[in-house]
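Okay, start_37.pdb is below, PDB, C-alpha atoms and all ligand atoms:
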```
ATOM      1  CA  MET H   1      11.522 -12.687  10.710  1.00  0.00           C
ATOM      2  CA  THR H   2      10.833 -10.498   7.650  1.00  0.00           C
ATOM      3  CA  LYS H   3      11.725  -6.822   8.084  1.00  0.00           C
ATOM      4  CA  ILE H   4       8.916  -4.655   6.726  1.00  0.00           C
ATOM      5  CA  ALA H   5       9.238  -1.121   5.314  1.00  0.00           C
ATOM      6  CA  VAL H   6       6.039   0.912   4.911  1.00  0.00           C
ATOM      7  CA  LEU H   7       6.040   3.704   2.323  1.00  0.00           C
ATOM      8  CA  VAL H   8       3.543   6.507   2.951  1.00  0.00           C
ATOM      9  CA  SER H   9       2.618   9.995   1.757  1.00  0.00           C
ATOM     10  CA  GLY H  10      -0.378  11.101   3.819  1.00  0.00           C
ATOM     11  CA  GLY H  11      -2.634  10.320   6.752  1.00  0.00           C
ATOM     12  CA  GLY H  12      -1.351   6.842   7.340  1.00  0.00           C
ATOM     13  CA  THR H  13      -4.509   5.051   8.487  1.00  0.00           C
ATOM     14  CA  ASN H  14      -3.284   1.912   6.721  1.00  0.00           C
ATOM     15  CA  LEU H  15       0.043   2.237   8.502  1.00  0.00           C
ATOM     16  CA  GLN H  16      -1.923   2.543  11.769  1.00  0.00           C
ATOM     17  CA  ALA H  17      -3.836  -0.643  10.920  1.00  0.00           C
ATOM     18  CA  LEU H  18      -0.480  -2.416  10.531  1.00  0.00           C
ATOM     19  CA  ILE H  19       0.853  -0.968  13.804  1.00  0.00           C
ATOM     20  CA  ASP H  20      -2.319  -2.059  15.643  1.00  0.00           C
ATOM     21  CA  ALA H  21      -2.231  -5.527  14.066  1.00  0.00           C
ATOM     22  CA  GLN H  22       1.396  -5.935  15.121  1.00  0.00           C
ATOM     23  CA  ALA H  23       0.495  -4.902  18.698  1.00  0.00           C
ATOM     24  CA  ARG H  24      -2.185  -7.614  18.713  1.00  0.00           C
ATOM     25  CA  GLY H  25       0.381 -10.173  17.510  1.00  0.00           C
ATOM     26  CA  GLU H  26      -1.298 -10.559  14.125  1.00  0.00           C
ATOM     27  CA  ILE H  27       1.754  -9.954  11.924  1.00  0.00           C
ATOM     28  CA  LYS H  28       3.247 -13.406  12.127  1.00  0.00           C
ATOM     29  CA  ASP H  29       6.956 -13.765  11.290  1.00  0.00           C
ATOM     30  CA  GLY H  30       7.264 -10.075  10.343  1.00  0.00           C
ATOM     31  CA  LYS H  31       8.265  -6.828  12.027  1.00  0.00           C
ATOM     32  CA  LEU H  32       7.577  -3.193  11.091  1.00  0.00           C
ATOM     33  CA  ASP H  33      11.126  -1.890  10.801  1.00  0.00           C
ATOM     34  CA  PHE H  34      11.004   1.372   8.886  1.00  0.00           C
ATOM     35  CA  VAL H  35       8.554   4.002   7.606  1.00  0.00           C
ATOM     36  CA  LEU H  36       9.543   6.182   4.677  1.00  0.00           C
ATOM     37  CA  SER H  37       7.474   9.143   3.516  1.00  0.00           C
ATOM     38  CA  SER H  38       7.608  11.033   0.223  1.00  0.00           C
ATOM     39  CA  ASN H  39       6.058  13.985   2.063  1.00  0.00           C
ATOM     40  CA  PRO H  40       7.727  15.597   5.105  1.00  0.00           C
ATOM     41  CA  ASP H  41       4.331  16.757   6.463  1.00  0.00           C
ATOM     42  CA  ALA H  42       2.612  13.363   6.333  1.00  0.00           C
ATOM     43  CA  TYR H  43       0.726  12.580   9.554  1.00  0.00           C
ATOM     44  CA  ALA H  44       1.831   8.990   9.008  1.00  0.00           C
ATOM     45  CA  LEU H  45       5.285  10.030  10.248  1.00  0.00           C
ATOM     46  CA  GLU H  46       3.808  10.939  13.653  1.00  0.00           C
ATOM     47  CA  ARG H  47       1.999   7.621  13.849  1.00  0.00           C
ATOM     48  CA  ALA H  48       5.289   5.825  13.183  1.00  0.00           C
ATOM     49  CA  ALA H  49       7.192   7.895  15.750  1.00  0.00           C
ATOM     50  CA  LYS H  50       4.510   7.192  18.382  1.00  0.00           C
ATOM     51  CA  ALA H  51       4.912   3.490  17.715  1.00  0.00           C
ATOM     52  CA  GLY H  52       8.701   3.763  18.023  1.00  0.00           C
ATOM     53  CA  ILE H  53       9.379   2.958  14.366  1.00  0.00           C
ATOM     54  CA  GLU H  54      12.311   4.653  12.654  1.00  0.00           C
ATOM     55  CA  THR H  55      11.335   7.090   9.880  1.00  0.00           C
ATOM     56  CA  ASP H  56      12.877   8.895   6.958  1.00  0.00           C
ATOM     57  CA  VAL H  57      11.710  11.257   4.207  1.00  0.00           C
ATOM     58  CA  LEU H  58      12.602  11.095   0.514  1.00  0.00           C
ATOM     59  CA  ARG H  59      10.996  13.793  -1.591  1.00  0.00           C
ATOM     60  CA  ARG H  60      10.643  13.090  -5.289  1.00  0.00           C
ATOM     61  CA  ARG H  61      11.397  16.722  -6.142  1.00  0.00           C
ATOM     62  CA  ASP H  62      14.873  16.415  -4.638  1.00  0.00           C
ATOM     63  CA  PHE H  63      15.836  13.963  -7.408  1.00  0.00           C
ATOM     64  CA  ALA H  64      16.356  14.687 -11.091  1.00  0.00           C
ATOM     65  CA  ASP H  65      14.212  11.765 -12.236  1.00  0.00           C
ATOM     66  CA  ALA H  66      12.287   8.717 -11.067  1.00  0.00           C
ATOM     67  CA  GLU H  67      15.317   6.476 -11.726  1.00  0.00           C
ATOM     68  CA  GLN H  68      17.463   8.377  -9.250  1.00  0.00           C
ATOM     69  CA  TYR H  69      14.656   8.459  -6.705  1.00  0.00           C
ATOM     70  CA  GLY H  70      14.278   4.697  -7.056  1.00  0.00           C
ATOM     71  CA  ALA H  71      18.016   4.145  -6.682  1.00  0.00           C
ATOM     72  CA  ALA H  72      18.162   6.159  -3.442  1.00  0.00           C
ATOM     73  CA  LEU H  73      15.157   4.302  -2.077  1.00  0.00           C
ATOM     74  CA  HIS H  74      16.654   0.949  -3.053  1.00  0.00           C
ATOM     75  CA  GLU H  75      19.856   1.781  -1.243  1.00  0.00           C
ATOM     76  CA  LYS H  76      18.077   2.732   1.988  1.00  0.00           C
ATOM     77  CA  LEU H  77      15.937  -0.394   1.976  1.00  0.00           C
ATOM     78  CA  THR H  78      18.736  -2.838   1.187  1.00  0.00           C
ATOM     79  CA  ALA H  79      20.982  -1.234   3.836  1.00  0.00           C
ATOM     80  CA  ARG H  80      18.334  -2.102   6.448  1.00  0.00           C
ATOM     81  CA  GLY H  81      17.830  -5.644   5.184  1.00  0.00           C
ATOM     82  CA  ILE H  82      14.196  -5.064   4.256  1.00  0.00           C
ATOM     83  CA  GLY H  83      12.367  -8.124   2.944  1.00  0.00           C
ATOM     84  CA  LEU H  84       8.918  -6.634   2.251  1.00  0.00           C
ATOM     85  CA  ILE H  85       7.881  -3.173   1.064  1.00  0.00           C
ATOM     86  CA  VAL H  86       4.298  -2.076   1.752  1.00  0.00           C
ATOM     87  CA  LEU H  87       2.860   0.861  -0.173  1.00  0.00           C
ATOM     88  CA  ALA H  88       0.245   2.329   2.176  1.00  0.00           C
ATOM     89  CA  GLY H  89      -1.051   5.454   0.467  1.00  0.00           C
ATOM     90  CA  PHE H  90       2.319   6.091  -1.198  1.00  0.00           C
ATOM     91  CA  MET H  91       1.599   8.579  -3.974  1.00  0.00           C
ATOM     92  CA  THR H  92       4.916   8.517  -5.862  1.00  0.00           C
ATOM     93  CA  VAL H  93       5.111   6.199  -8.868  1.00  0.00           C
ATOM     94  CA  LEU H  94       8.182   3.967  -8.647  1.00  0.00           C
ATOM     95  CA  PRO H  95      10.358   3.390 -11.730  1.00  0.00           C
ATOM     96  CA  ASP H  96      10.238   0.060 -13.589  1.00  0.00           C
ATOM     97  CA  SER H  97      13.800  -0.766 -12.525  1.00  0.00           C
ATOM     98  CA  PHE H  98      12.829  -0.529  -8.847  1.00  0.00           C
ATOM     99  CA  CYS H  99       9.688  -2.643  -9.323  1.00  0.00           C
ATOM    100  CA  HIS H 100      11.774  -5.231 -11.159  1.00  0.00           C
ATOM    101  CA  LYS H 101      14.434  -5.438  -8.441  1.00  0.00           C
ATOM    102  CA  TRP H 102      11.757  -5.931  -5.791  1.00  0.00           C
ATOM    103  CA  GLN H 103       9.514  -8.196  -7.862  1.00  0.00           C
ATOM    104  CA  ASN H 104       6.967 -10.003  -5.644  1.00  0.00           C
ATOM    105  CA  GLN H 105       8.304  -8.145  -2.596  1.00  0.00           C
ATOM    106  CA  ILE H 106       6.162  -4.989  -2.879  1.00  0.00           C
ATOM    107  CA  ILE H 107       2.530  -4.994  -1.737  1.00  0.00           C
ATOM    108  CA  ASN H 108       0.098  -2.161  -2.478  1.00  0.00           C
ATOM    109  CA  VAL H 109      -3.374  -1.406  -1.162  1.00  0.00           C
ATOM    110  CA  HIS H 110      -5.817   0.153  -3.625  1.00  0.00           C
ATOM    111  CA  PRO H 111      -9.283   1.441  -2.693  1.00  0.00           C
ATOM    112  CA  SER H 112     -11.381  -0.327  -5.371  1.00  0.00           C
ATOM    113  CA  LEU H 113     -12.019  -3.779  -6.735  1.00  0.00           C
ATOM    114  CA  ILE H 114      -9.272  -3.978  -9.393  1.00  0.00           C
ATOM    115  CA  PRO H 115      -9.611  -3.934 -12.432  1.00  0.00           C
ATOM    116  CA  SER H 116     -12.273  -1.274 -11.790  1.00  0.00           C
ATOM    117  CA  PHE H 117     -11.221   2.326 -11.066  1.00  0.00           C
ATOM    118  CA  CYS H 118      -7.482   1.781 -11.128  1.00  0.00           C
ATOM    119  CA  GLY H 119      -4.371   2.682 -13.119  1.00  0.00           C
ATOM    120  CA  GLU H 120      -2.780   6.045 -13.868  1.00  0.00           C
ATOM    121  CA  GLY H 121      -4.645   8.929 -12.191  1.00  0.00           C
ATOM    122  CA  PHE H 122      -6.780   6.756  -9.892  1.00  0.00           C
ATOM    123  CA  TYR H 123      -5.633   7.393  -6.357  1.00  0.00           C
ATOM    124  CA  GLY H 124      -7.123   8.464  -3.031  1.00  0.00           C
ATOM    125  CA  LEU H 125     -10.496  10.213  -3.213  1.00  0.00           C
ATOM    126  CA  ARG H 126     -10.444  10.203  -7.021  1.00  0.00           C
ATOM    127  CA  VAL H 127     -11.115   6.475  -6.978  1.00  0.00           C
ATOM    128  CA  HIS H 128     -14.265   6.909  -4.903  1.00  0.00           C
ATOM    129  CA  GLU H 129     -15.419   9.887  -7.003  1.00  0.00           C
ATOM    130  CA  ALA H 130     -15.147   7.696 -10.101  1.00  0.00           C
ATOM    131  CA  ALA H 131     -17.076   4.832  -8.474  1.00  0.00           C
ATOM    132  CA  LEU H 132     -19.915   7.179  -7.440  1.00  0.00           C
ATOM    133  CA  ARG H 133     -19.951   8.838 -10.883  1.00  0.00           C
ATOM    134  CA  LYS H 134     -20.335   5.423 -12.510  1.00  0.00           C
ATOM    135  CA  GLY H 135     -23.120   4.469 -10.122  1.00  0.00           C
ATOM    136  CA  VAL H 136     -21.714   1.075  -9.144  1.00  0.00           C
ATOM    137  CA  LYS H 137     -23.533  -0.446  -6.183  1.00  0.00           C
ATOM    138  CA  VAL H 138     -20.550  -2.317  -4.790  1.00  0.00           C
ATOM    139  CA  THR H 139     -16.921  -1.263  -4.535  1.00  0.00           C
ATOM    140  CA  GLY H 140     -14.141  -2.404  -2.182  1.00  0.00           C
ATOM    141  CA  ALA H 141     -10.402  -2.714  -1.814  1.00  0.00           C
ATOM    142  CA  THR H 142      -7.621  -4.775  -3.337  1.00  0.00           C
ATOM    143  CA  VAL H 143      -4.218  -5.748  -1.998  1.00  0.00           C
ATOM    144  CA  HIS H 144      -1.838  -6.757  -4.782  1.00  0.00           C
ATOM    145  CA  PHE H 145       1.800  -7.209  -5.671  1.00  0.00           C
ATOM    146  CA  VAL H 146       3.340  -4.261  -7.488  1.00  0.00           C
ATOM    147  CA  SER H 147       4.575  -4.776 -11.037  1.00  0.00           C
ATOM    148  CA  GLU H 148       5.699  -2.356 -13.754  1.00  0.00           C
ATOM    149  CA  VAL H 149       2.033  -1.859 -14.704  1.00  0.00           C
ATOM    150  CA  VAL H 150       0.262   0.647 -12.403  1.00  0.00           C
ATOM    151  CA  ASP H 151      -2.239  -1.356 -10.280  1.00  0.00           C
ATOM    152  CA  GLY H 152      -1.630  -4.302 -12.625  1.00  0.00           C
ATOM    153  CA  GLY H 153       0.276  -6.770 -10.420  1.00  0.00           C
ATOM    154  CA  ALA H 154      -1.018 -10.100  -9.126  1.00  0.00           C
ATOM    155  CA  ILE H 155      -4.023  -9.780  -6.801  1.00  0.00           C
ATOM    156  CA  ILE H 156      -3.585 -11.118  -3.253  1.00  0.00           C
ATOM    157  CA  LEU H 157      -6.849 -10.267  -1.444  1.00  0.00           C
ATOM    158  CA  GLN H 158     -10.045  -8.375  -2.239  1.00  0.00           C
ATOM    159  CA  LYS H 159     -13.094  -7.407  -0.204  1.00  0.00           C
ATOM    160  CA  ALA H 160     -16.376  -5.891  -1.376  1.00  0.00           C
ATOM    161  CA  VAL H 161     -18.061  -2.913   0.305  1.00  0.00           C
ATOM    162  CA  GLU H 162     -21.654  -1.735  -0.328  1.00  0.00           C
ATOM    163  CA  ILE H 163     -22.263   1.773  -1.640  1.00  0.00           C
ATOM    164  CA  GLU H 164     -25.042   3.637   0.209  1.00  0.00           C
ATOM    165  CA  PRO H 165     -27.479   5.944  -1.653  1.00  0.00           C
ATOM    166  CA  ASP H 166     -26.308   9.098   0.143  1.00  0.00           C
ATOM    167  CA  ASP H 167     -22.544   8.387  -0.033  1.00  0.00           C
ATOM    168  CA  THR H 168     -20.067  11.170  -0.749  1.00  0.00           C
ATOM    169  CA  PRO H 169     -16.496  10.355  -1.836  1.00  0.00           C
ATOM    170  CA  GLU H 170     -15.468  11.038   1.778  1.00  0.00           C
ATOM    171  CA  THR H 171     -18.028   8.768   3.462  1.00  0.00           C
ATOM    172  CA  LEU H 172     -17.315   6.029   0.942  1.00  0.00           C
ATOM    173  CA  GLN H 173     -13.547   6.339   1.457  1.00  0.00           C
ATOM    174  CA  LYS H 174     -14.035   5.986   5.212  1.00  0.00           C
ATOM    175  CA  ARG H 175     -16.196   2.858   4.856  1.00  0.00           C
ATOM    176  CA  VAL H 176     -13.829   1.210   2.344  1.00  0.00           C
ATOM    177  CA  MET H 177     -10.902   1.869   4.686  1.00  0.00           C
ATOM    178  CA  ALA H 178     -12.661   0.548   7.810  1.00  0.00           C
ATOM    179  CA  GLN H 179     -14.415  -2.441   6.240  1.00  0.00           C
ATOM    180  CA  ALA H 180     -11.805  -3.516   3.715  1.00  0.00           C
ATOM    181  CA  GLU H 181      -8.352  -1.864   3.553  1.00  0.00           C
ATOM    182  CA  HIS H 182      -7.550  -1.951   7.263  1.00  0.00           C
ATOM    183  CA  ILE H 183      -8.525  -5.627   7.453  1.00  0.00           C
ATOM    184  CA  LEU H 184      -6.956  -6.873   4.219  1.00  0.00           C
ATOM    185  CA  LEU H 185      -3.590  -5.144   4.427  1.00  0.00           C
ATOM    186  CA  PRO H 186      -2.387  -6.617   7.762  1.00  0.00           C
ATOM    187  CA  ARG H 187      -3.734 -10.013   6.680  1.00  0.00           C
ATOM    188  CA  ALA H 188      -1.795  -9.913   3.385  1.00  0.00           C
ATOM    189  CA  VAL H 189       1.371  -8.729   5.121  1.00  0.00           C
ATOM    190  CA  SER H 190       1.165 -11.556   7.641  1.00  0.00           C
ATOM    191  CA  LEU H 191       0.555 -14.129   4.883  1.00  0.00           C
ATOM    192  CA  PHE H 192       3.597 -12.806   2.996  1.00  0.00           C
ATOM    193  CA  CYS H 193       5.845 -12.956   6.042  1.00  0.00           C
ATOM    194  CA  GLN H 194       4.760 -16.523   6.725  1.00  0.00           C
ATOM    195  CA  GLY H 195       5.728 -17.475   3.166  1.00  0.00           C
ATOM    196  CA  LYS H 196       2.144 -18.381   2.301  1.00  0.00           C
ATOM    197  CA  LEU H 197       1.791 -16.321  -0.902  1.00  0.00           C
ATOM    198  CA  HIS H 198       2.845 -18.010  -4.118  1.00  0.00           C
ATOM    199  CA  VAL H 199       2.857 -16.197  -7.467  1.00  0.00           C
ATOM    200  CA  GLN H 200       2.619 -18.081 -10.727  1.00  0.00           C
ATOM    201  CA  ASP H 201       1.521 -16.770 -14.152  1.00  0.00           C
ATOM    202  CA  ASP H 202       0.579 -13.439 -12.528  1.00  0.00           C
ATOM    203  CA  ARG H 203      -1.818 -15.115 -10.120  1.00  0.00           C
ATOM    204  CA  VAL H 204      -1.473 -15.598  -6.380  1.00  0.00           C
ATOM    205  CA  THR H 205      -2.325 -18.784  -4.550  1.00  0.00           C
ATOM    206  CA  ILE H 206      -2.491 -18.821  -0.773  1.00  0.00           C
ATOM    207  CA  GLU H 207      -1.097 -21.954   0.804  1.00  0.00           C
TER
HETATM  208  C1  LIG B 301      -5.939   4.700   0.951  1.00  0.00           C
HETATM  209  O1  LIG B 301      -7.311   4.697   0.675  1.00  0.00           O
HETATM  210  C2  LIG B 301      -5.190   3.880  -0.091  1.00  0.00           C
HETATM  211  O2  LIG B 301      -5.885   2.752  -0.510  1.00  0.00           O
HETATM  212  C3  LIG B 301      -5.083   4.879  -1.208  1.00  0.00           C
HETATM  213  O3  LIG B 301      -4.772   6.090  -0.557  1.00  0.00           O
HETATM  214  C4  LIG B 301      -5.333   6.094   0.759  1.00  0.00           C
HETATM  215  C5  LIG B 301      -4.246   6.385   1.765  1.00  0.00           C
HETATM  216  O4  LIG B 301      -4.764   6.529   3.064  1.00  0.00           O
HETATM  217  N1  LIG B 301      -4.094   4.479  -2.162  1.00  0.00           N
HETATM  218  C6  LIG B 301      -4.222   4.664  -3.474  1.00  0.00           C
HETATM  219  O5  LIG B 301      -5.161   5.241  -3.979  1.00  0.00           O
HETATM  220  C7  LIG B 301      -3.085   4.094  -4.316  1.00  0.00           C
HETATM  221  N2  LIG B 301      -3.453   4.047  -5.699  1.00  0.00           N
HETATM  222  P1  LIG B 301      -3.879   6.372   4.362  1.00  0.00           P
HETATM  223  O6  LIG B 301      -2.668   7.302   4.210  1.00  0.00           O
HETATM  224  O7  LIG B 301      -4.787   6.842   5.473  1.00  0.00           O
HETATM  225  O8  LIG B 301      -3.473   4.938   4.508  1.00  0.00           O
END
```
For the structure just supplied, provide its representation as structure tokens.
Ligand code: GAR
Amino acid sequence: MTKIAVLVSGGGTNLQALIDAQARGEIKDGKLDFVLSSNPDAYALERAAKAGIETDVLRRRDFADAEQYGAALHEKLTARGIGLIVLAGFMTVLPDSFCHKWQNQIINVHPSLIPSFCGEGFYGLRVHEAALRKGVKVTGATVHFVSEVVDGGAIILQKAVEIEPDDTPETLQKRVMAQAEHILLPRAVSLFCQGKLHVQDDRVTIE
């Protein structure tokens, strides 16, 4: 049974999708063990508490640099015997050393079809604003492993979502979450916990 830690910073709808999937028995061979927020006011913390999952808060500003933040995080996660880290709207960039230590054990969900609208500065609503500005007709979500390159790790799952003519960043964000993120993330987590994801040459094959 893989112990899963979910790292959050905000609303936590992706965390909720994981909690609901677990309740339906869809996270095979894995268990949500711990939720850590970079923001003490994140609603995600309430969702975790309601589901009976232990929580903690680590604020980036309480550490001198990203290295020290990463070291504190690493310590907490290893002490609990965590086997998979899920970034679910976690808005703090992790240092290279942390990503290296947890290579192929960190999964992130991003609200676009990578390599479009991703990398430094593309997070949350900004991603959808950029997609609408560009006028793309299709966007979506990507679940990928986290590497030292922001949004650059091996892609696990992707799903396309249509853009409607009258979309705002908010309506588009909602549709991408409901039709793609909340479906892909639990699926990827379950595949990981079952040992079905294999990474070679920066590409993922699913057994
Ligand atoms: C989600 O759309 C997630 O994909 C995005 O932030 C939102 C968090 O929502 N993450 C990124 O943009 C990371 N680059 P949530 O707190 O309701 O899950």
Each chain H residue no farther than 9 Å from ligand LIG 301 (chain B), nearest pair in Å, all atoms listed in the file, as JSON lines:
```
{"residue": "H:Val8", "atom": "CA", "partner": "B:LIG301", "partner_atom": "O6", "distance": 6.4}
{"residue": "H:Ser9", "atom": "CA", "partner": "B:LIG301", "partner_atom": "O6", "distance": 6.4}
{"residue": "H:Gly10", "atom": "CA", "partner": "B:LIG301", "partner_atom": "O6", "distance": 4.5}
{"residue": "H:Gly11", "atom": "CA", "partner": "B:LIG301", "partner_atom": "O6", "distance": 3.9}
{"residue": "H:Gly12", "atom": "CA", "partner": "B:LIG301", "partner_atom": "O6", "distance": 3.4}
{"residue": "H:Thr13", "atom": "CA", "partner": "B:LIG301", "partner_atom": "O7", "distance": 3.5}
{"residue": "H:Asn14", "atom": "CA", "partner": "B:LIG301", "partner_atom": "O8", "distance": 3.8}
{"residue": "H:Leu15", "atom": "CA", "partner": "B:LIG301", "partner_atom": "O8", "distance": 6.0}
{"residue": "H:Gln16", "atom": "CA", "partner": "B:LIG301", "partner_atom": "O8", "distance": 7.8}
{"residue": "H:Ala17", "atom": "CA", "partner": "B:LIG301", "partner_atom": "O8", "distance": 8.5}
{"residue": "H:Ala42", "atom": "CA", "partner": "B:LIG301", "partner_atom": "O6", "distance": 8.3}
{"residue": "H:Tyr43", "atom": "CA", "partner": "B:LIG301", "partner_atom": "O6", "distance": 8.2}
{"residue": "H:Ala44", "atom": "CA", "partner": "B:LIG301", "partner_atom": "O6", "distance": 6.8}
{"residue": "H:Leu87", "atom": "CA", "partner": "B:LIG301", "partner_atom": "C7", "distance": 7.9}
{"residue": "H:Ala88", "atom": "CA", "partner": "B:LIG301", "partner_atom": "O8", "distance": 5.1}
{"residue": "H:Gly89", "atom": "CA", "partner": "B:LIG301", "partner_atom": "C5", "distance": 3.6}
{"residue": "H:Phe90", "atom": "CA", "partner": "B:LIG301", "partner_atom": "C7", "distance": 6.6}
{"residue": "H:Met91", "atom": "CA", "partner": "B:LIG301", "partner_atom": "C7", "distance": 6.5}
{"residue": "H:Asn108", "atom": "CA", "partner": "B:LIG301", "partner_atom": "C7", "distance": 7.3}
{"residue": "H:Val109", "atom": "CA", "partner": "B:LIG301", "partner_atom": "O2", "distance": 4.9}
{"residue": "H:His110", "atom": "CA", "partner": "B:LIG301", "partner_atom": "O2", "distance": 4.1}
{"residue": "H:Pro111", "atom": "CA", "partner": "B:LIG301", "partner_atom": "O2", "distance": 4.2}
{"residue": "H:Ser112", "atom": "CA", "partner": "B:LIG301", "partner_atom": "O2", "distance": 8.0}
{"residue": "H:Cys118", "atom": "CA", "partner": "B:LIG301", "partner_atom": "N2", "distance": 7.1}
{"residue": "H:Gly119", "atom": "CA", "partner": "B:LIG301", "partner_atom": "N2", "distance": 7.6}
{"residue": "H:Glu120", "atom": "CA", "partner": "B:LIG301", "partner_atom": "N2", "distance": 8.4}
{"residue": "H:Gly121", "atom": "CA", "partner": "B:LIG301", "partner_atom": "N2", "distance": 8.2}
{"residue": "H:Phe122", "atom": "CA", "partner": "B:LIG301", "partner_atom": "N2", "distance": 6.0}
{"residue": "H:Tyr123", "atom": "CA", "partner": "B:LIG301", "partner_atom": "O5", "distance": 3.2}
{"residue": "H:Gly124", "atom": "CA", "partner": "B:LIG301", "partner_atom": "O5", "distance": 3.9}
{"residue": "H:Leu125", "atom": "CA", "partner": "B:LIG301", "partner_atom": "O5", "distance": 7.3}
{"residue": "H:Arg126", "atom": "CA", "partner": "B:LIG301", "partner_atom": "O5", "distance": 7.9}
{"residue": "H:Val127", "atom": "CA", "partner": "B:LIG301", "partner_atom": "O5", "distance": 6.8}
{"residue": "H:Ala141", "atom": "CA", "partner": "B:LIG301", "partner_atom": "O2", "distance": 7.2}
{"residue": "H:Thr142", "atom": "CA", "partner": "B:LIG301", "partner_atom": "O2", "distance": 8.2}
{"residue": "H:Val143", "atom": "CA", "partner": "B:LIG301", "partner_atom": "O2", "distance": 8.8}
{"residue": "H:Val150", "atom": "CA", "partner": "B:LIG301", "partner_atom": "N2", "distance": 8.4}
{"residue": "H:Asp151", "atom": "CA", "partner": "B:LIG301", "partner_atom": "N2", "distance": 7.2}
{"residue": "H:Gln173", "atom": "CA", "partner": "B:LIG301", "partner_atom": "O1", "distance": 6.5}
{"residue": "H:Lys174", "atom": "CA", "partner": "B:LIG301", "partner_atom": "O1", "distance": 8.2}
{"residue": "H:Val176", "atom": "CA", "partner": "B:LIG301", "partner_atom": "O1", "distance": 7.6}
{"residue": "H:Met177", "atom": "CA", "partner": "B:LIG301", "partner_atom": "O1", "distance": 6.1}
{"residue": "H:Glu181", "atom": "CA", "partner": "B:LIG301", "partner_atom": "O2", "distance": 6.6}
{"residue": "H:His182", "atom": "CA", "partner": "B:LIG301", "partner_atom": "O8", "distance": 8.5}
```
Kindly save the residues from that selection, with C-alpha atoms included, as a JSON list (two decimals), in the frame of the given file.
```json
[["chain", "number", "residue", "atom", "x", "y", "z"],
["H", 8, "VAL", "CA", 3.54, 6.51, 2.95],
["H", 9, "SER", "CA", 2.62, 9.99, 1.76],
["H", 10, "GLY", "CA", -0.38, 11.10, 3.82],
["H", 11, "GLY", "CA", -2.63, 10.32, 6.75],
["H", 12, "GLY", "CA", -1.35, 6.84, 7.34],
["H", 13, "THR", "CA", -4.51, 5.05, 8.49],
["H", 14, "ASN", "CA", -3.28, 1.91, 6.72],
["H", 15, "LEU", "CA", 0.04, 2.24, 8.50],
["H", 16, "GLN", "CA", -1.92, 2.54, 11.77],
["H", 17, "ALA", "CA", -3.84, -0.64, 10.92],
["H", 42, "ALA", "CA", 2.61, 13.36, 6.33],
["H", 43, "TYR", "CA", 0.73, 12.58, 9.55],
["H", 44, "ALA", "CA", 1.83, 8.99, 9.01],
["H", 87, "LEU", "CA", 2.86, 0.86, -0.17],
["H", 88, "ALA", "CA", 0.24, 2.33, 2.18],
["H", 89, "GLY", "CA", -1.05, 5.45, 0.47],
["H", 90, "PHE", "CA", 2.32, 6.09, -1.20],
["H", 91, "MET", "CA", 1.60, 8.58, -3.97],
["H", 108, "ASN", "CA", 0.10, -2.16, -2.48],
["H", 109, "VAL", "CA", -3.37, -1.41, -1.16],
["H", 110, "HIS", "CA", -5.82, 0.15, -3.62],
["H", 111, "PRO", "CA", -9.28, 1.44, -2.69],
["H", 112, "SER", "CA", -11.38, -0.33, -5.37],
["H", 118, "CYS", "CA", -7.48, 1.78, -11.13],
["H", 119, "GLY", "CA", -4.37, 2.68, -13.12],
["H", 120, "GLU", "CA", -2.78, 6.04, -13.87],
["H", 121, "GLY", "CA", -4.64, 8.93, -12.19],
["H", 122, "PHE", "CA", -6.78, 6.76, -9.89],
["H", 123, "TYR", "CA", -5.63, 7.39, -6.36],
["H", 124, "GLY", "CA", -7.12, 8.46, -3.03],
["H", 125, "LEU", "CA", -10.50, 10.21, -3.21],
["H", 126, "ARG", "CA", -10.44, 10.20, -7.02],
["H", 127, "VAL", "CA", -11.12, 6.48, -6.98],
["H", 141, "ALA", "CA", -10.40, -2.71, -1.81],
["H", 142, "THR", "CA", -7.62, -4.78, -3.34],
["H", 143, "VAL", "CA", -4.22, -5.75, -2.00],
["H", 150, "VAL", "CA", 0.26, 0.65, -12.40],
["H", 151, "ASP", "CA", -2.24, -1.36, -10.28],
["H", 173, "GLN", "CA", -13.55, 6.34, 1.46],
["H", 174, "LYS", "CA", -14.04, 5.99, 5.21],
["H", 176, "VAL", "CA", -13.83, 1.21, 2.34],
["H", 177, "MET", "CA", -10.90, 1.87, 4.69],
["H", 181, "GLU", "CA", -8.35, -1.86, 3.55],
["H", 182, "HIS", "CA", -7.55, -1.95, 7.26]]
```
- [ ] Report the residues retrieved by the PyMOL selection byres (((chain H and resi 101-104) around 8) and not hetatm) from the displayed file, expressed as a ChimeraX atom specification.
- [x] /H:97-100,105-107,145-147,199
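Atom CA of Ile183 of chain H to atom CA of Val86 of chain H spans 14.5 Å [interatomic distance, one decimal].
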- [ ] Evaluate the PyMOL selection byres (((chain H and resi 28) around 7) and not hetatm) here and jot the selected residues down as a ChimeraX atom specification.
- [x] /H:25-27,29-30,190,193-194
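Atom CA of Ile4 of chain H is positioned 18.6 Å from atom CA of Leu157 of chain H.
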